[in-house]
>>> print(open('my_file.txt').read())   # compact mmCIF, C-alpha atoms
# COMPACT_ATOMS: atom_id res chain seq x y z
CA VAL A 30 0.00 0.00 0.00
CA PRO A 31 1.40 3.47 -0.86
CA GLU A 32 2.79 5.20 2.21
CA ARG A 33 0.44 7.64 3.92
CA PRO A 34 1.54 11.30 3.88
CA THR A 35 1.07 13.95 6.49
CA LEU A 36 -2.28 15.55 5.67
CA GLY A 37 -1.50 19.00 7.03
CA ASN A 38 -2.21 20.97 3.84
CA THR A 39 -5.05 19.10 2.22
CA ASP A 40 -7.89 20.72 0.31
CA TYR A 41 -11.14 21.48 2.12
CA ALA A 42 -13.45 22.11 -0.86
CA PHE A 43 -14.49 20.69 -4.20
CA GLU A 44 -16.12 22.22 -7.25
CA MET A 45 -18.63 20.79 -9.72
CA ALA A 46 -18.27 21.88 -13.33
CA ILE A 47 -20.32 20.33 -16.13
CA SER A 48 -21.64 21.38 -19.49
CA ASN A 49 -25.28 22.09 -20.09
CA ILE A 50 -26.88 18.88 -21.36
CA ARG A 51 -29.85 18.35 -23.66
CA TYR A 52 -31.19 14.84 -24.18
CA GLY A 53 -33.81 13.44 -26.55
CA GLU A 54 -34.31 11.46 -29.75
CA GLY A 55 -33.83 13.79 -32.69
CA VAL A 56 -32.65 16.73 -30.57
CA THR A 57 -29.76 17.28 -33.01
CA LYS A 58 -32.18 19.17 -35.25
CA GLU A 59 -32.12 22.05 -32.76
CA ILE A 60 -28.42 22.88 -33.25
CA GLY A 61 -29.10 25.43 -35.98
CA MET A 62 -31.42 27.30 -33.63
CA ASP A 63 -28.87 27.15 -30.83
CA LEU A 64 -26.21 28.73 -33.03
CA GLN A 65 -28.71 31.32 -34.23
CA ASN A 66 -29.51 32.14 -30.57
CA LEU A 67 -25.79 32.54 -29.89
CA GLY A 68 -25.49 34.97 -32.78
CA ALA A 69 -22.90 32.74 -34.45
CA ARG A 70 -21.83 34.01 -37.87
CA ARG A 71 -18.89 31.73 -38.66
CA VAL A 72 -19.00 28.17 -37.30
CA CYS A 73 -16.38 25.42 -37.30
CA LEU A 74 -17.88 21.93 -37.69
CA MET A 75 -15.43 19.21 -36.63
CA THR A 76 -15.76 15.48 -37.28
CA ASP A 77 -13.76 12.61 -38.80
CA LYS A 78 -13.68 11.08 -42.28
CA ASN A 79 -15.92 8.13 -41.42
CA LEU A 80 -18.55 10.11 -39.56
CA SER A 81 -18.70 12.80 -42.25
CA LYS A 82 -20.68 10.32 -44.37
CA LEU A 83 -23.00 9.05 -41.64
CA PRO A 84 -26.43 10.15 -40.31
CA PRO A 85 -25.23 12.13 -37.24
CA VAL A 86 -23.26 14.60 -39.37
CA ASN A 87 -26.04 14.74 -41.94
CA ALA A 88 -28.49 15.66 -39.18
CA VAL A 89 -26.24 18.53 -38.11
CA LEU A 90 -25.72 19.71 -41.69
CA ASN A 91 -29.47 19.72 -42.29
CA SER A 92 -30.04 21.84 -39.20
CA LEU A 93 -27.28 24.31 -40.15
CA ALA A 94 -28.74 24.65 -43.63
CA LYS A 95 -32.29 25.09 -42.35
CA TYR A 96 -31.31 28.02 -40.15
CA GLY A 97 -28.83 29.59 -42.55
CA ILE A 98 -25.73 29.02 -40.43
CA LYS A 99 -22.47 29.61 -42.31
CA PHE A 100 -19.80 27.06 -41.46
CA GLN A 101 -16.57 25.37 -42.50
CA MET A 102 -16.09 21.65 -41.99
CA TYR A 103 -12.91 20.07 -40.65
CA ASP A 104 -13.20 16.29 -41.11
CA ASN A 105 -9.56 15.34 -40.64
CA VAL A 106 -9.79 14.45 -36.93
CA ARG A 107 -7.68 11.39 -36.11
CA VAL A 108 -9.22 8.53 -34.14
CA GLU A 109 -7.08 8.49 -30.97
CA PRO A 110 -5.58 11.94 -31.70
CA THR A 111 -1.90 12.83 -31.45
CA ASP A 112 -0.13 16.07 -30.67
CA GLN A 113 0.32 16.57 -34.42
CA SER A 114 -3.34 15.95 -35.23
CA PHE A 115 -4.27 18.44 -32.48
CA LEU A 116 -1.88 20.96 -34.03
CA ASP A 117 -3.41 20.47 -37.48
CA ALA A 118 -6.90 21.17 -36.12
CA ILE A 119 -5.61 24.15 -34.13
CA GLN A 120 -4.11 25.65 -37.28
CA PHE A 121 -7.44 25.25 -39.09
CA ALA A 122 -9.25 26.96 -36.21
CA LYS A 123 -6.80 29.86 -36.07
CA LYS A 124 -7.15 30.53 -39.79
CA GLY A 125 -10.94 30.31 -39.67
CA GLU A 126 -11.45 32.94 -36.97
CA PHE A 127 -14.62 31.14 -35.87
CA ASP A 128 -17.09 32.46 -33.33
CA ALA A 129 -18.56 29.04 -32.44
CA TYR A 130 -17.68 25.35 -32.73
CA VAL A 131 -19.67 22.15 -33.25
CA ALA A 132 -18.01 18.76 -32.61
CA VAL A 133 -19.79 15.67 -33.95
CA GLY A 134 -18.20 12.37 -32.99
CA GLY A 135 -16.66 10.38 -30.17
CA GLY A 136 -14.12 11.54 -27.66
CA SER A 137 -11.43 11.98 -30.30
CA VAL A 138 -13.48 14.57 -32.18
CA ILE A 139 -14.77 16.40 -29.12
CA ASP A 140 -11.34 16.53 -27.48
CA THR A 141 -9.74 17.79 -30.70
CA CYS A 142 -12.35 20.53 -30.96
CA LYS A 143 -11.76 21.58 -27.34
CA ALA A 144 -8.04 21.98 -28.07
CA ALA A 145 -8.72 23.90 -31.30
CA ASN A 146 -11.05 26.28 -29.49
CA LEU A 147 -8.53 26.82 -26.68
CA TYR A 148 -5.48 27.62 -28.80
CA ALA A 149 -7.41 29.68 -31.32
CA ALA A 150 -8.54 31.81 -28.37
CA SER A 151 -4.95 32.04 -27.10
CA PRO A 152 -2.93 32.37 -30.34
CA SER A 153 0.30 33.45 -28.66
CA SER A 154 0.45 30.38 -26.40
CA GLU A 155 2.88 27.55 -27.07
CA PHE A 156 1.28 24.11 -27.38
CA LEU A 157 2.85 22.76 -24.17
CA ASP A 158 1.70 25.75 -22.11
CA TYR A 159 -1.65 24.12 -21.30
CA VAL A 160 -0.62 20.46 -21.49
CA ASN A 161 -0.62 18.63 -18.16
CA ALA A 162 2.61 18.61 -16.15
CA PRO A 163 5.18 17.13 -16.13
CA ILE A 164 5.04 16.85 -19.94
CA GLY A 165 3.73 20.38 -20.34
CA LYS A 166 3.51 23.44 -18.12
CA GLY A 167 -0.09 22.87 -17.00
CA GLU A 168 -0.85 26.60 -16.94
CA PRO A 169 -4.37 27.67 -15.92
CA VAL A 170 -6.66 28.83 -18.74
CA THR A 171 -7.58 32.49 -18.28
CA VAL A 172 -8.63 33.45 -21.83
CA PRO A 173 -12.33 33.46 -22.84
CA LEU A 174 -13.24 30.67 -25.27
CA LYS A 175 -15.92 30.56 -27.96
CA PRO A 176 -19.11 28.50 -27.49
CA LEU A 177 -18.68 24.80 -28.29
CA ILE A 178 -21.59 22.42 -28.88
CA ALA A 179 -20.64 18.74 -28.58
CA VAL A 180 -22.70 16.00 -30.23
CA PRO A 181 -21.41 12.61 -28.98
CA THR A 182 -21.92 9.69 -31.35
CA THR A 183 -20.50 7.02 -29.02
CA SER A 184 -21.48 6.02 -25.50
CA GLY A 185 -18.17 6.12 -23.71
CA THR A 186 -15.95 9.12 -23.18
CA GLY A 187 -18.42 11.54 -21.63
CA SER A 188 -16.32 14.24 -23.28
CA GLU A 189 -19.43 16.35 -23.86
CA THR A 190 -19.51 17.02 -20.09
CA THR A 191 -15.83 17.42 -19.18
CA GLY A 192 -12.97 19.90 -19.33
CA VAL A 193 -10.45 17.30 -20.48
CA ALA A 194 -8.83 16.73 -23.91
CA ILE A 195 -6.60 13.66 -24.35
CA PHE A 196 -4.00 12.95 -27.05
CA ASP A 197 -0.97 10.77 -27.83
CA PHE A 198 2.30 12.61 -27.28
CA LYS A 199 4.31 10.86 -29.97
CA GLU A 200 7.78 11.89 -28.81
CA LEU A 201 7.34 10.06 -25.48
CA LYS A 202 4.89 7.46 -26.83
CA VAL A 203 2.39 8.17 -24.06
CA LYS A 204 -1.00 9.78 -23.74
CA THR A 205 -1.44 13.00 -21.86
CA GLY A 206 -3.85 15.89 -22.19
CA ILE A 207 -5.22 19.25 -21.17
CA ALA A 208 -7.43 19.51 -18.10
CA SER A 209 -9.31 22.71 -17.33
CA ARG A 210 -12.92 23.54 -16.56
CA ALA A 211 -12.57 26.37 -19.08
CA ILE A 212 -12.49 24.03 -22.08
CA LYS A 213 -15.67 22.07 -21.30
CA PRO A 214 -18.35 22.33 -24.00
CA THR A 215 -21.04 24.95 -23.65
CA LEU A 216 -23.72 22.41 -24.52
CA GLY A 217 -23.80 18.64 -24.96
CA ILE A 218 -26.44 17.35 -27.37
CA ILE A 219 -27.18 13.75 -26.34
CA ASP A 220 -29.24 12.25 -29.15
CA PRO A 221 -29.68 8.48 -28.73
CA LEU A 222 -30.52 8.10 -32.42
CA HIS A 223 -26.80 8.49 -33.13
CA THR A 224 -25.98 5.30 -31.22
CA LEU A 225 -28.04 3.03 -33.48
CA SER A 226 -25.38 2.90 -36.20
CA MET A 227 -22.53 1.93 -33.84
CA PRO A 228 -20.99 -1.49 -34.62
CA GLU A 229 -20.76 -4.11 -31.88
CA ARG A 230 -17.11 -3.66 -30.86
CA ILE A 231 -17.39 0.12 -30.79
CA VAL A 232 -20.38 -0.20 -28.46
CA ALA A 233 -18.39 -2.61 -26.28
CA ASN A 234 -15.19 -0.59 -26.07
CA SER A 235 -17.08 2.66 -25.50
CA GLY A 236 -19.06 0.98 -22.74
CA PHE A 237 -15.89 -0.27 -21.07
CA ASP A 238 -14.75 3.34 -20.79
CA VAL A 239 -18.02 4.21 -19.00
CA LEU A 240 -17.51 1.26 -16.66
CA CYS A 241 -14.01 2.36 -15.69
CA HIS A 242 -14.92 6.04 -15.43
CA ALA A 243 -17.57 5.11 -12.87
CA LEU A 244 -15.40 2.65 -10.92
CA GLU A 245 -12.31 4.84 -10.83
CA SER A 246 -14.04 8.07 -9.85
CA TYR A 247 -15.96 6.28 -7.08
CA THR A 248 -12.75 4.74 -5.68
CA ALA A 249 -10.51 7.80 -6.15
CA LEU A 250 -8.89 9.45 -3.16
CA PRO A 251 -11.43 11.76 -1.42
CA TYR A 252 -11.16 15.44 -2.30
CA ASN A 253 -10.35 16.42 1.30
CA LYS A 254 -7.27 14.18 1.33
CA ARG A 255 -5.74 15.71 -1.79
CA SER A 256 -2.69 17.87 -1.26
CA PRO A 257 -1.69 20.63 -1.48
CA CYS A 258 -4.60 22.93 -0.87
CA PRO A 259 -4.52 25.53 -3.69
CA SER A 260 -3.55 29.04 -2.75
CA ASN A 261 -6.01 30.35 -5.36
CA PRO A 262 -9.19 28.62 -6.62
CA ILE A 263 -7.95 28.88 -10.20
CA HIS A 264 -5.31 26.29 -9.32
CA ARG A 265 -7.80 23.73 -7.98
CA PRO A 266 -7.49 20.85 -10.48
CA ALA A 267 -10.32 19.59 -12.64
CA TYR A 268 -9.70 16.15 -11.11
CA GLN A 269 -10.19 16.76 -7.39
CA GLY A 270 -10.89 13.31 -5.90
CA SER A 271 -14.10 11.54 -5.00
CA ASN A 272 -16.78 13.76 -3.51
CA PRO A 273 -20.44 13.40 -2.52
CA ILE A 274 -21.84 14.74 -5.81
CA SER A 275 -19.54 12.81 -8.14
CA ASP A 276 -20.28 9.66 -6.14
CA VAL A 277 -23.97 9.92 -7.02
CA TRP A 278 -23.30 10.15 -10.75
CA ALA A 279 -20.65 7.40 -10.72
CA LEU A 280 -22.88 4.90 -8.95
CA HIS A 281 -25.87 5.71 -11.15
CA ALA A 282 -23.74 5.21 -14.27
CA LEU A 283 -22.43 1.90 -12.91
CA ARG A 284 -25.96 0.62 -12.32
CA ILE A 285 -26.92 1.50 -15.90
CA VAL A 286 -23.82 -0.27 -17.26
CA ALA A 287 -24.67 -3.38 -15.25
CA LYS A 288 -28.22 -3.43 -16.61
CA TYR A 289 -27.81 -2.32 -20.22
CA LEU A 290 -24.26 -2.72 -21.60
CA LYS A 291 -24.55 -6.39 -22.56
CA ARG A 292 -27.92 -5.73 -24.20
CA ALA A 293 -26.59 -2.73 -26.11
CA ILE A 294 -23.67 -4.78 -27.48
CA ARG A 295 -25.63 -7.88 -28.43
CA ASN A 296 -28.65 -6.28 -30.04
CA PRO A 297 -28.21 -3.14 -32.18
CA GLU A 298 -32.00 -2.82 -32.36
CA ASP A 299 -32.35 -2.52 -28.58
CA ARG A 300 -33.11 1.20 -28.51
CA GLU A 301 -33.75 1.23 -24.78
CA ALA A 302 -30.33 -0.22 -24.00
CA ARG A 303 -28.45 2.02 -26.38
CA ALA A 304 -30.30 5.14 -25.22
CA ASN A 305 -29.53 4.35 -21.59
CA MET A 306 -25.86 3.73 -22.32
CA HIS A 307 -25.74 7.12 -24.05
CA LEU A 308 -26.99 8.70 -20.83
CA ALA A 309 -24.65 6.58 -18.70
CA SER A 310 -21.70 7.98 -20.62
CA ALA A 311 -22.74 11.52 -19.67
CA PHE A 312 -23.47 10.54 -16.07
CA ALA A 313 -20.05 8.92 -15.66
CA GLY A 314 -18.51 11.96 -17.37
CA ILE A 315 -19.99 14.22 -14.71
CA GLY A 316 -18.56 11.91 -12.05
CA PHE A 317 -15.02 11.45 -13.32
CA GLY A 318 -14.84 14.94 -14.88
CA ASN A 319 -14.76 16.32 -11.35
CA ALA A 320 -13.48 13.44 -9.20
CA GLY A 321 -10.89 12.10 -11.62
CA VAL A 322 -9.72 8.65 -12.59
CA HIS A 323 -6.66 6.72 -11.46
CA LEU A 324 -4.69 3.58 -12.29
CA CYS A 325 -6.81 2.01 -15.05
CA HIS A 326 -6.55 5.19 -17.09
CA GLY A 327 -2.98 5.95 -16.10
CA MET A 328 -1.87 2.47 -17.17
CA SER A 329 -3.98 2.54 -20.32
CA TYR A 330 -2.12 5.38 -21.94
CA PRO A 331 1.11 3.54 -22.75
CA ILE A 332 -0.97 0.52 -23.81
CA SER A 333 -2.47 2.75 -26.50
CA GLY A 334 0.66 4.79 -27.17
CA LEU A 335 3.01 1.83 -27.69
CA VAL A 336 0.64 -0.14 -29.94
CA LYS A 337 2.44 -2.23 -32.55
CA THR A 338 0.24 -3.87 -35.19
CA TYR A 339 -3.11 -4.39 -33.45
CA LYS A 340 -6.17 -3.30 -35.43
CA PRO A 341 -9.52 -3.85 -33.71
CA LYS A 342 -12.62 -5.23 -35.37
CA ASP A 343 -15.23 -2.68 -36.52
CA TYR A 344 -12.80 0.28 -36.59
CA ASN A 345 -12.21 1.69 -40.06
CA VAL A 346 -8.73 3.16 -39.53
CA ASP A 347 -5.50 3.16 -41.51
CA HIS A 348 -3.20 2.87 -38.48
CA SER A 349 -2.62 0.47 -35.61
CA LEU A 350 -4.95 1.22 -32.75
CA VAL A 351 -5.90 -0.02 -29.29
CA PRO A 352 -9.31 1.60 -28.62
CA HIS A 353 -9.24 3.68 -25.46
CA GLY A 354 -11.98 1.75 -23.65
CA LEU A 355 -10.24 -1.56 -24.33
CA SER A 356 -6.86 -0.30 -23.12
CA VAL A 357 -8.52 0.88 -19.91
CA VAL A 358 -10.61 -2.16 -19.07
CA LEU A 359 -7.87 -4.74 -19.64
CA THR A 360 -6.10 -3.58 -16.48
CA SER A 361 -9.24 -3.25 -14.35
CA PRO A 362 -9.25 -6.66 -12.58
CA ALA A 363 -5.64 -6.28 -11.44
CA VAL A 364 -6.06 -2.60 -10.56
CA PHE A 365 -9.13 -3.01 -8.35
CA ALA A 366 -7.68 -6.04 -6.62
CA PHE A 367 -4.86 -3.67 -5.63
CA THR A 368 -6.77 -0.47 -4.80
CA ALA A 369 -9.34 -2.21 -2.59
CA GLN A 370 -6.88 -1.93 0.28
CA ILE A 371 -7.79 1.76 0.51
CA HIS A 372 -11.60 1.62 0.04
CA PRO A 373 -12.72 -2.03 0.49
CA GLU A 374 -16.35 -1.13 1.22
CA ARG A 375 -16.68 0.79 -2.04
CA HIS A 376 -15.11 -2.05 -4.01
CA LEU A 377 -17.58 -4.53 -2.51
CA GLU A 378 -20.47 -2.19 -3.31
CA ALA A 379 -19.31 -1.96 -6.93
CA ALA A 380 -18.99 -5.75 -7.18
CA GLU A 381 -22.55 -6.16 -5.91
CA ILE A 382 -23.88 -3.69 -8.49
CA LEU A 383 -22.12 -5.70 -11.21
CA GLY A 384 -23.79 -8.92 -10.07
CA ALA A 385 -21.67 -10.41 -7.28
CA ASP A 386 -23.32 -12.08 -4.29
CA ILE A 387 -21.60 -10.40 -1.33
CA ARG A 388 -23.87 -11.66 1.48
CA THR A 389 -21.13 -13.81 2.98
CA ALA A 390 -18.17 -11.80 1.64
CA ARG A 391 -15.29 -10.81 3.91
CA ILE A 392 -14.20 -7.21 3.71
CA LYS A 393 -10.57 -8.23 3.23
CA ASP A 394 -11.59 -10.07 0.03
CA ALA A 395 -13.22 -7.01 -1.57
CA GLY A 396 -10.56 -6.54 -4.22
CA LEU A 397 -10.50 -10.17 -5.30
CA ILE A 398 -14.30 -10.27 -5.45
CA LEU A 399 -14.48 -7.19 -7.66
CA ALA A 400 -11.63 -8.48 -9.83
CA ASP A 401 -13.37 -11.85 -10.36
CA THR A 402 -16.67 -10.08 -11.08
CA LEU A 403 -14.99 -7.91 -13.70
CA ARG A 404 -13.28 -10.90 -15.35
CA LYS A 405 -16.61 -12.71 -15.67
CA PHE A 406 -18.25 -9.57 -17.03
CA LEU A 407 -15.51 -9.13 -19.64
CA PHE A 408 -15.40 -12.82 -20.56
CA ASP A 409 -19.13 -12.74 -21.31
CA LEU A 410 -18.47 -9.86 -23.72
CA ASN A 411 -15.63 -11.55 -25.66
CA VAL A 412 -12.88 -9.19 -24.56
CA ASP A 413 -9.37 -9.85 -25.87
CA ASP A 414 -7.51 -12.09 -23.44
CA GLY A 415 -5.21 -9.51 -21.90
CA LEU A 416 -2.22 -7.58 -23.18
CA ALA A 417 -0.79 -10.62 -24.98
CA ALA A 418 -3.85 -10.72 -27.22
CA ILE A 419 -3.23 -7.17 -28.44
CA GLY A 420 0.43 -7.69 -29.21
CA TYR A 421 2.39 -7.21 -25.99
CA SER A 422 4.74 -9.60 -24.21
CA LYS A 423 6.61 -9.70 -20.92
CA ALA A 424 9.51 -7.95 -22.65
CA ASP A 425 7.31 -4.86 -23.16
CA ILE A 426 6.56 -4.34 -19.47
CA PRO A 427 9.48 -1.97 -18.70
CA ALA A 428 8.37 0.32 -21.55
CA LEU A 429 4.75 0.16 -20.38
CA VAL A 430 5.75 1.11 -16.84
CA LYS A 431 7.93 3.96 -18.13
CA GLY A 432 4.98 5.25 -20.14
CA THR A 433 2.77 5.19 -17.05
CA LEU A 434 5.02 7.23 -14.78
CA PRO A 435 4.37 10.65 -16.45
CA GLN A 436 0.62 10.31 -15.78
CA VAL A 437 0.67 12.64 -12.77
CA ARG A 438 -2.97 13.56 -13.16
CA GLN A 439 -4.11 9.94 -12.99
CA ARG A 440 -1.97 8.47 -10.29
CA ALA A 441 1.10 9.93 -8.64
CA LYS A 442 -0.21 13.16 -7.16
CA GLN A 443 -3.64 11.68 -6.39
CA PHE A 444 -1.90 9.31 -4.01
CA PHE A 445 0.67 11.84 -2.69
CA LEU A 446 3.67 9.82 -3.85
CA SER A 447 7.10 10.75 -2.57
CA ASN A 448 10.22 9.79 -4.55
CA LYS A 449 10.48 6.66 -2.44
CA THR A 450 6.88 5.72 -3.05
CA GLU A 451 7.26 6.52 -6.76
CA LYS A 452 9.80 3.70 -6.93
CA ILE A 453 7.46 1.43 -4.99
CA LEU A 454 4.62 2.18 -7.38
CA ALA A 455 6.85 1.51 -10.39
CA LYS A 456 7.54 -1.95 -8.96
CA THR A 457 3.84 -2.39 -8.26
CA GLU A 458 2.97 -1.47 -11.84
CA VAL A 459 5.39 -4.11 -13.09
CA LEU A 460 3.40 -6.66 -11.13
CA LEU A 461 0.07 -5.26 -12.34
CA PHE A 462 1.14 -5.35 -16.00
CA GLN A 463 2.36 -8.91 -15.51
CA GLN A 464 -1.06 -9.86 -14.15
CA VAL A 465 -2.85 -8.51 -17.22
CA LEU A 466 -0.75 -10.22 -19.86
CA PHE A 467 -3.63 -12.71 -19.71
CA LEU A 468 -7.03 -12.04 -18.16
CA PHE A 469 -8.65 -15.45 -18.25
>>> encode(input="my_file.txt", output="C-alpha cells")
Amino acid sequence: VPERPTLGNTDYAFEMAISNIRYGEGVTKEIGMDLQNLGARRVCLMTDKNLSKLPPVNAVLNSLAKYGIKFQMYDNVRVEPTDQSFLDAIQFAKKGEFDAYVAVGGGSVIDTCKAANLYAASPSSEFLDYVNAPIGKGEPVTVPLKPLIAVPTTSGTGSETTGVAIFDFKELKVKTGIASRAIKPTLGIIDPLHTLSMPERIVANSGFDVLCHALESYTALPYNKRSPCPSNPIHRPAYQGSNPISDVWALHALRIVAKYLKRAIRNPEDREARANMHLASAFAGIGFGNAGVHLCHGMSYPISGLVKTYKPKDYNVDHSLVPHGLSVVLTSPAVFAFTAQIHPERHLEAAEILGADIRTARIKDAGLILADTLRKFLFDLNVDDGLAAIGYSKADIPALVKGTLPQVRQRAKQFFLSNKTEKILAKTEVLLFQQVLFLF
C-alpha cells in the first residue's frame, strides 16, 4: 500500500463543473437554432472522415442549412488523436477565426475541438503551455473561449460534459492531455438516435470506458485528502478526488452499465439499452470529470501509445490502434484487486452492483471479489484475453511502466507519492502489468 503522507495541507473544498446537457431522440435538429440564438456568424464543424458520411453529421448539416448558419467543416480528426493531429486542427481553427464550434463524434473529435477552441482563443500560447505537467507546463486557462456544442456519437468518453482533452504525445509514446474547466463544451447534445449505427465492438469498447470512469471516480482518493490545498481557486485541479456529488453520478452510471451494456452490445435494435448507455456515458462523465480517474486510465495510456500492429474489429482506420476503452478495461481486474486496500467497502459495493453475491463476503476479500466479477463480465463480452492478445509480451513491461510514470494527473499526485513511493509504485505497476498479460 502506498505510504500515507502527512495531511497538514489538504484541500477542504471541491467544485462541480459540467456542461449544459440536452437529451432526446432527434434533438440534433435544434443545433441550428442554438447557433442562431448565440449569434454565431462563422461556425467550425469538426468530425472525422468516417462520420462525415454518416447520419449524425447529416443531421447537423441539415439543421445548419435550415437556419442559414455559415460554417466550414474540418473532417480530418484522427481517431485516438496525437499532438500533431491536435496541431493540425488548431491551425485550421486559427485561420478560420470562428465564433462558435460544433463537434460531432466520439471523444477523439470532441477533445480535438476543445483543443482547437482553446489555442485559437490564445494564439500566442505555445502548445505545451496548457498540457498537463510534467510533460507540459499545466498553466491555468484564463482566456475566454468561444461557445462549443458537442454531439457525442459514441457512449463512452463523456467528453461532452468534461474539461479534459486527451492525445498521444508521440515523442514520449504516451498519452497525456489538457485539463481545465474552461475548455468544457457549452452544450452537450445527447441524441440516442446516433448510437443506433454503432458497430458491436465500438459499443463494447465505449461501454468499457463508461464502466471504468464510474469505478475509478468512485474509488478515487477523497477530495479532502488531496494535497496541497490551492492558494487560489484557479489552481484547484479539474480532477479533485471523489466527492459526494460525483459519487452519485458514478454509482448511477455503474448501475446502468450493469443493466444495459450487454444488451446494447448484443442487439443493435435494442433502442432502450443504447439510449440508456448514451446517458450513462454523460453521467459517468460528470462523475469522473470532477473526481478524476486513477490507475486504469494511467496504465492505459502507454498501452495505447506503444501499440504495434493491433487493429480492432469494426474500426475503419489506416493505423494500428488499441481503442481507449479496451486499453482501460484490460487492467481493471488487477487494478481493483490492488486499490481495494484503501476503500474495500466501495469495491464490494461496486462488485454487488455488477452482479456479485456479497452476502457472505469478507471485507478483506473485496478486491479479489471485484476483480473476479470484472473478469466474468468481460469474458461474457468476448474481450481480448489480456495484453498478450493485443500484441504485448513480458519484454514490453518496462516500456509500459515507463509510459505510465508521467501520468501525474491519474496516479502519482492523487496518491501523494514521494520519490520513495514513486519507486514502490513503479515496482507495483510491473506486477500489475504482468497480471494482465492474460485475463482469463
>>> residues_around(input="my_file.txt", residues="Lys431 of chain A", least_positions_apart="4", cutoff="9 Å", atoms="all atoms listed in the file", output="JSON, numbers by chain")
{"A": [331, 426, 427, 435, 455]}
>>> residues_near_point(input="my_file.txt", point="(-20.3, 18.2, -32.9)", cutoff="6 Å", atoms="all atoms listed in the file", output="NGL selection string")
:A and (131-133 or 178-180)
>>> write_last_selection(input="my_file.txt", atoms="C-alpha atoms", output="compact mmCIF listing (two decimals), in the frame of the given file")
# COMPACT_ATOMS: atom_id res chain seq x y z
CA VAL A 131 -19.67 22.15 -33.25
CA ALA A 132 -18.01 18.76 -32.61
CA VAL A 133 -19.79 15.67 -33.95
CA ILE A 178 -21.59 22.42 -28.88
CA ALA A 179 -20.64 18.74 -28.58
CA VAL A 180 -22.70 16.00 -30.23
>>> closest_residue(input="my_file.txt", among="A:Glu381, A:Asp238, A:Asp63, A:Glu44", to="Ala395 of chain A", atoms="only C-alpha atoms")
A:Glu381
>>> atom_distance(input="my_file.txt", atom1="atom CA of Ile50 of chain A", atom2="atom CA of Trp278 of chain A")
14.2 Å
>>> closest_atom_pairs(input="my_file.txt", of="segment 294-391 of chain A", to="segment 106-128 of chain A", cutoff="9 Å", atoms="only C-alpha atoms", output="CSV")
residue,atom,partner,partner_atom,distance
A:Ser333,CA,A:Glu109,CA,8.6
A:Val346,CA,A:Val108,CA,7.6
A:Leu350,CA,A:Glu109,CA,7.8
A:Val351,CA,A:Glu109,CA,8.8
A:Pro352,CA,A:Glu109,CA,7.6
A:His353,CA,A:Glu109,CA,7.6
>>> closest_residue(input="my_file.txt", among="A:Lys423, A:Arg210, A:Arg51, A:His223", to="Gln464 of chain A", atoms="all atoms listed in the file")
A:Lys423
>>> closest_residue(input="my_file.txt", among="A:Lys337, A:Lys456, A:Ala369, A:Glu374", to="Gly420 of chain A", atoms="all atoms listed in the file")
A:Lys337
>>> residues_around(input="my_file.txt", residues="Pro214 of chain A", least_positions_apart="5", cutoff="9 Å", atoms="only C-alpha atoms", output="list in words")
Ile47, Ser48, Asn49, Ile139, Lys143, Pro176, Leu177, Ile178, Ala179, Ser188, Glu189, Thr190, Thr191 and Gly192 of chain A
>>> residues_around(input="my_file.txt", residues="Glu59 of chain A", least_positions_apart="5", cutoff="12 Å", atoms="all atoms listed in the file", output="PyMOL selection string")
chain A and resi 51-54+64-66+88-96+178+180+216-220
>>> atom_distance(input="my_file.txt", atom1="atom CA of Glu229 of chain A", atom2="atom CA of Phe467 of chain A")
22.7 Å
>>> residues_around(input="my_file.txt", residues="segment 38-43 of chain A", least_positions_apart="3", cutoff="9 Å", atoms="all atoms listed in the file", output="VMD selection string")
chain A and resid 35 252 to 259 265 269 to 270 272 319 to 320
>>> closest_atom_pairs(input="my_file.txt", of="segment 307-360 of chain A", to="segment 406-412 of chain A", cutoff="9 Å", atoms="all atoms listed in the file", output="JSON lines")
{"residue": "A:Leu355", "atom": "CA", "partner": "A:Val412", "partner_atom": "CA", "distance": 8.1}
{"residue": "A:Val358", "atom": "CA", "partner": "A:Leu407", "partner_atom": "CA", "distance": 8.5}
{"residue": "A:Leu359", "atom": "CA", "partner": "A:Val412", "partner_atom": "CA", "distance": 8.3}
>>> residues_near_point(input="my_file.txt", point="(-18.6, 12.4, -15.8)", cutoff="12 Å", atoms="only C-alpha atoms", output="PyMOL selection string")
chain A and resi 45-48+50+184-193+213+238-247+267-268+271+274-283+308-322
>>> residues_around(input="my_file.txt", residues="Gln101 of chain A", least_positions_apart="5", cutoff="7 Å", atoms="only C-alpha atoms", output="PyMOL selection string")
chain A and resi 72-74
>>> closest_residue(input="my_file.txt", among="A:Gly384, A:Gly68, A:Pro173, A:Gly165", to="Asn146 of chain A", atoms="all atoms listed in the file")
A:Pro173
>>> atom_distance(input="my_file.txt", atom1="atom CA of Thr171 of chain A", atom2="atom CA of Ala145 of chain A")
15.6 Å
